[in-house]
Amino acid sequence: ILNVEQSPQSLHVQEGDSTNFTCSFPSSNFYALHWYRWETAKSPEALFVMTLNGDEKKKGRISATLNTKEGYSYLYIKGSQPEDSATYLCARIYGGSQGNLIFGKGTKLSVKP
Amino acid sequence: EAGVTQFPSHSVIEKGQTVTLRCDPISGHDNLYWYRRVMGKEIKFLLHFVKESKQDESGMPNNRFLAERTGGTYSTLKVQPAELEDSGVYFCASSQRTGQSRESDTQYFGPGTRLTVL
């Protein structure tokens, strides 16, 4: 099974709340995991490339962790702002592939002022 | 530096017609990918070019889809004849993918072309 699963499917939070989402994937033959932020009608924006088990990466109020042994990654947003409203996508690359991304369906975040 | 651009942004055509989508990758990026998102589903891989060569076209749905990358620069994706199920957002992405680090595999996406087949 090559599916990448994301949960929750959607999330509604108040401005100032901290939140997190999960990306689950088969742990075998892991190469890399990518996180993107996507607003409809715009280009998906690359957030992180996670490659090593235990990786933790941070970009402003957004951070991500990776567990390749158990096959999951968490994305955290601290102090959510309305401009964080978007769909957050994760995608993995398999070892030996040509680099094509296998995406989850995404988590749609709405932050109310 | 200009990002990945795609043209048109929207296309509405009737079943049976032909549509050609264009992608201009980031200058210097040898790797170019096409993806598609059908409503309610995940973004799915279609094919991958390295320069002008098709490296992997395992995601192409059928022979109604034809992708080209002339001279290793821009790429076109033609759908002929279009069917209702071809509706969706078609994304193009490019990367350097030098092999020096996995971080260089970052794929930079264009805004997509929203195709509606009536």
# chains A, B, ... in the order shown; residues from 1 in each chain; ligands from 1
$ select_by_dssp --residues "chain B" --states "strand (DSSP E)" --output "ChimeraX atom specification"
/B:5-7,10-13,19-24,31-37,43-50,53-56,65-68,75-79,88-95,108-109,113-117
$ interface_residues --of "chain B" --to "chain A" --cutoff "12 Å" --atoms "only C-alpha atoms" --output "VMD selection string"
chain B and resid 3 to 6 9 to 10 31 to 50 54 to 59 89 to 99 101 to 114
$ residues_around --residues "Asn53 (chain A)" --least-positions-apart "2" --cutoff "9 Å" --atoms "only C-alpha atoms" --output "list of chain:residue names"
A:Met50, A:Thr51, A:Asp55, A:Thr65, A:Leu66, A:Asn67, A:Thr68, A:Lys69
$ select_by_dssp --residues "region 3-111 of chain B" --states "helix (DSSP H, G or I)" --output "list in words"
Thr70, Gly71, Gly72, Leu84, Glu85, Asp86, Arg102, Glu103, Ser104 and Asp105 of chain B
$ atom_distance --atom1 "CA of Arg69 (chain B)" --atom2 "CA of Thr18 (chain B)"
18.2 Å
$ residues_around --residues "Tyr74 (chain B)" --least-positions-apart "5" --cutoff "8 Å" --atoms "only C-alpha atoms" --output "ChimeraX atom specification"
/B:22-25,69
$ write_last_selection --atoms "C-alpha atoms" --output "PDB file, in the first residue's frame"
ATOM      1  CA  ARG B  22       1.764  24.873 -21.041  1.00  0.00           C
ATOM      2  CA  CYS B  23       4.324  24.947 -18.256  1.00  0.00           C
ATOM      3  CA  ASP B  24       7.439  27.091 -17.996  1.00  0.00           C
ATOM      4  CA  PRO B  25       9.723  25.759 -15.262  1.00  0.00           C
ATOM      5  CA  ARG B  69       9.225  19.151 -23.575  1.00  0.00           C
TER       6      ARG B  69
END
$ closest_residue --among "B:Asn63, B:Gln80, B:Ser87, B:Thr73" --to "Gln17 (chain B)" --atoms "only C-alpha atoms"
B:Gln80
$ residues_around --residues "Glu15 (chain A)" --least-positions-apart "2" --cutoff "6 Å" --atoms "only C-alpha atoms" --output "ChimeraX atom specification"
/A:17,80-81,111-113
$ write_last_selection --atoms "C-alpha atoms" --output "CSV table (one decimal), in the first residue's frame"
chain,number,residue,atom,x,y,z
A,17,ASP,CA,-4.8,28.6,19.0
A,80,SER,CA,-2.5,30.3,14.4
A,81,GLN,CA,-3.3,33.5,12.4
A,111,VAL,CA,-8.4,30.2,11.3
A,112,LYS,CA,-11.2,32.5,12.5
A,113,PRO,CA,-10.2,36.0,13.7
$ residues_around --residues "Pro81 (chain B)" --least-positions-apart "3" --cutoff "12 Å" --atoms "only C-alpha atoms" --output "PDB file with N, CA, C and O atoms, in the first residue's frame"
ATOM      1  N   ILE B  13     -13.792  23.554 -21.848  1.00  0.00           N
ATOM      2  CA  ILE B  13     -13.968  23.003 -23.190  1.00  0.00           C
ATOM      3  C   ILE B  13     -15.080  21.974 -23.162  1.00  0.00           C
ATOM      4  O   ILE B  13     -15.509  21.530 -22.086  1.00  0.00           O
ATOM      5  N   GLU B  14     -15.521  21.592 -24.351  1.00  0.00           N
ATOM      6  CA  GLU B  14     -16.552  20.568 -24.443  1.00  0.00           C
ATOM      7  C   GLU B  14     -15.905  19.203 -24.665  1.00  0.00           C
ATOM      8  O   GLU B  14     -14.806  19.096 -25.223  1.00  0.00           O
ATOM      9  N   LYS B  15     -16.620  18.219 -24.228  1.00  0.00           N
ATOM     10  CA  LYS B  15     -16.160  16.843 -24.429  1.00  0.00           C
ATOM     11  C   LYS B  15     -15.847  16.629 -25.902  1.00  0.00           C
ATOM     12  O   LYS B  15     -16.602  17.043 -26.779  1.00  0.00           O
ATOM     13  N   GLY B  16     -14.702  16.001 -26.158  1.00  0.00           N
ATOM     14  CA  GLY B  16     -14.307  15.723 -27.524  1.00  0.00           C
ATOM     15  C   GLY B  16     -13.335  16.739 -28.103  1.00  0.00           C
ATOM     16  O   GLY B  16     -12.686  16.475 -29.118  1.00  0.00           O
ATOM     17  N   GLN B  17     -13.245  17.907 -27.456  1.00  0.00           N
ATOM     18  CA  GLN B  17     -12.315  18.920 -27.953  1.00  0.00           C
ATOM     19  C   GLN B  17     -10.903  18.634 -27.461  1.00  0.00           C
ATOM     20  O   GLN B  17     -10.671  17.741 -26.644  1.00  0.00           O
ATOM     21  N   THR B  18      -9.970  19.424 -27.979  1.00  0.00           N
ATOM     22  CA  THR B  18      -8.566  19.282 -27.618  1.00  0.00           C
ATOM     23  C   THR B  18      -8.130  20.491 -26.798  1.00  0.00           C
ATOM     24  O   THR B  18      -8.566  21.622 -27.072  1.00  0.00           O
ATOM     25  N   VAL B  19      -7.295  20.244 -25.817  1.00  0.00           N
ATOM     26  CA  VAL B  19      -6.756  21.346 -25.021  1.00  0.00           C
ATOM     27  C   VAL B  19      -5.261  21.106 -24.825  1.00  0.00           C
ATOM     28  O   VAL B  19      -4.815  19.960 -24.691  1.00  0.00           O
ATOM     29  N   THR B  20      -4.494  22.182 -24.872  1.00  0.00           N
ATOM     30  CA  THR B  20      -3.058  22.098 -24.635  1.00  0.00           C
ATOM     31  C   THR B  20      -2.681  23.021 -23.491  1.00  0.00           C
ATOM     32  O   THR B  20      -2.979  24.216 -23.517  1.00  0.00           O
ATOM     33  N   ASN B  62      -4.024   7.582 -19.919  1.00  0.00           N
ATOM     34  CA  ASN B  62      -4.280   6.831 -21.151  1.00  0.00           C
ATOM     35  C   ASN B  62      -3.642   7.578 -22.325  1.00  0.00           C
ATOM     36  O   ASN B  62      -3.000   8.619 -22.122  1.00  0.00           O
ATOM     37  N   ASN B  63      -3.818   7.034 -23.515  1.00  0.00           N
ATOM     38  CA  ASN B  63      -3.141   7.620 -24.669  1.00  0.00           C
ATOM     39  C   ASN B  63      -3.816   8.876 -25.206  1.00  0.00           C
ATOM     40  O   ASN B  63      -3.404   9.406 -26.250  1.00  0.00           O
ATOM     41  N   ARG B  64      -4.826   9.378 -24.503  1.00  0.00           N
ATOM     42  CA  ARG B  64      -5.383  10.667 -24.901  1.00  0.00           C
ATOM     43  C   ARG B  64      -4.514  11.820 -24.391  1.00  0.00           C
ATOM     44  O   ARG B  64      -4.716  12.967 -24.769  1.00  0.00           O
ATOM     45  N   PHE B  65      -3.581  11.497 -23.535  1.00  0.00           N
ATOM     46  CA  PHE B  65      -2.693  12.498 -22.945  1.00  0.00           C
ATOM     47  C   PHE B  65      -1.318  12.396 -23.597  1.00  0.00           C
ATOM     48  O   PHE B  65      -0.733  11.314 -23.657  1.00  0.00           O
ATOM     49  N   LEU B  66      -0.809  13.539 -24.067  1.00  0.00           N
ATOM     50  CA  LEU B  66       0.499  13.566 -24.691  1.00  0.00           C
ATOM     51  C   LEU B  66       1.292  14.740 -24.130  1.00  0.00           C
ATOM     52  O   LEU B  66       0.855  15.883 -24.214  1.00  0.00           O
ATOM     53  N   LYS B  78      -1.031  17.859 -23.784  1.00  0.00           N
ATOM     54  CA  LYS B  78      -2.202  17.912 -24.658  1.00  0.00           C
ATOM     55  C   LYS B  78      -3.159  16.801 -24.281  1.00  0.00           C
ATOM     56  O   LYS B  78      -2.743  15.653 -24.061  1.00  0.00           O
ATOM     57  N   LEU B  84     -15.074  13.923 -19.844  1.00  0.00           N
ATOM     58  CA  LEU B  84     -15.566  14.582 -18.639  1.00  0.00           C
ATOM     59  C   LEU B  84     -14.640  14.334 -17.442  1.00  0.00           C
ATOM     60  O   LEU B  84     -14.395  15.241 -16.643  1.00  0.00           O
ATOM     61  N   GLU B  85     -14.133  13.096 -17.354  1.00  0.00           N
ATOM     62  CA  GLU B  85     -13.314  12.746 -16.180  1.00  0.00           C
ATOM     63  C   GLU B  85     -11.939  13.396 -16.191  1.00  0.00           C
ATOM     64  O   GLU B  85     -11.177  13.256 -15.227  1.00  0.00           O
ATOM     65  N   ASP B  86     -11.609  14.118 -17.255  1.00  0.00           N
ATOM     66  CA  ASP B  86     -10.326  14.815 -17.305  1.00  0.00           C
ATOM     67  C   ASP B  86     -10.364  16.149 -16.552  1.00  0.00           C
ATOM     68  O   ASP B  86      -9.321  16.785 -16.359  1.00  0.00           O
ATOM     69  N   VAL B 117     -14.206  20.149 -18.319  1.00  0.00           N
ATOM     70  CA  VAL B 117     -14.724  19.537 -19.546  1.00  0.00           C
ATOM     71  C   VAL B 117     -16.233  19.356 -19.383  1.00  0.00           C
ATOM     72  O   VAL B 117     -16.688  18.692 -18.447  1.00  0.00           O
TER      73      VAL B 117
END
